[in-house]
Amino acid sequence: MGKKDASATGLPVDQYRKQIGKQDYKKTKSVLKATRLKAEAKKNSSGFRDAFLVIAAILLFVLCVYAFFYLNLSTEINLDVDMD
């Protein structure tokens, strides 16, 4: 069996990886660098999003507790007042 025959029976995943590798070689270094910088910036900016989500969750929890107590105290019937 020759080399060409052996590579033809390879896994589809290996063929896909080889194809992707060929596409990356076609890109220039500046394009690859820009892609890498964009991915790093996206990864680093997720800290702000996570902090914002935590603060929003805390505020939502406080709002729910406030609404629960407000509704329970506002509908309470005052039994000390005589209804004549």
# chains A, B, ... in the order shown; residues from 1 in each chain; ligands from 1
$ residues_around --residues "Gln23 (chain A)" --least-positions-apart "6" --cutoff "12 Å" --atoms "only C-alpha atoms" --output "CSV table (one decimal) with all heavy atoms, in the first residue's frame"
chain,number,residue,atom,x,y,z
A,16,TYR,N,-10.5,16.6,7.9
A,16,TYR,CA,-11.0,17.9,8.2
A,16,TYR,C,-9.9,18.8,8.8
A,16,TYR,O,-9.7,19.9,8.4
A,16,TYR,CB,-12.2,17.8,9.1
A,16,TYR,CG,-12.7,19.1,9.5
A,16,TYR,CD1,-13.5,19.9,8.7
A,16,TYR,CD2,-12.5,19.6,10.8
A,16,TYR,CE1,-14.0,21.1,9.0
A,16,TYR,CE2,-13.0,20.8,11.2
A,16,TYR,CZ,-13.8,21.6,10.3
A,16,TYR,OH,-14.3,22.8,10.7
A,17,ARG,N,-9.1,18.2,9.7
A,17,ARG,CA,-8.1,19.0,10.3
A,17,ARG,C,-7.0,19.4,9.3
A,17,ARG,O,-6.5,20.5,9.4
A,17,ARG,CB,-7.4,18.2,11.5
A,17,ARG,CG,-8.3,18.0,12.7
A,17,ARG,CD,-7.7,17.2,13.7
A,17,ARG,NE,-8.5,17.0,14.9
A,17,ARG,CZ,-8.4,16.0,15.8
A,17,ARG,NH1,-7.4,15.1,15.6
A,17,ARG,NH2,-9.2,16.0,16.8
A,32,LEU,N,-3.8,36.5,10.9
A,32,LEU,CA,-3.8,35.6,12.0
A,32,LEU,C,-3.5,36.3,13.4
A,32,LEU,O,-4.2,36.0,14.4
A,32,LEU,CB,-2.7,34.5,11.8
A,32,LEU,CG,-2.9,33.5,10.7
A,32,LEU,CD1,-1.7,32.7,10.5
A,32,LEU,CD2,-4.1,32.7,11.0
$ atom_distance --atom1 "CA of Leu37 (chain A)" --atom2 "CA of Ala51 (chain A)"
22.6 Å
$ atom_distance --atom1 "CA of Lys38 (chain A)" --atom2 "CA of Ile20 (chain A)"
19.5 Å
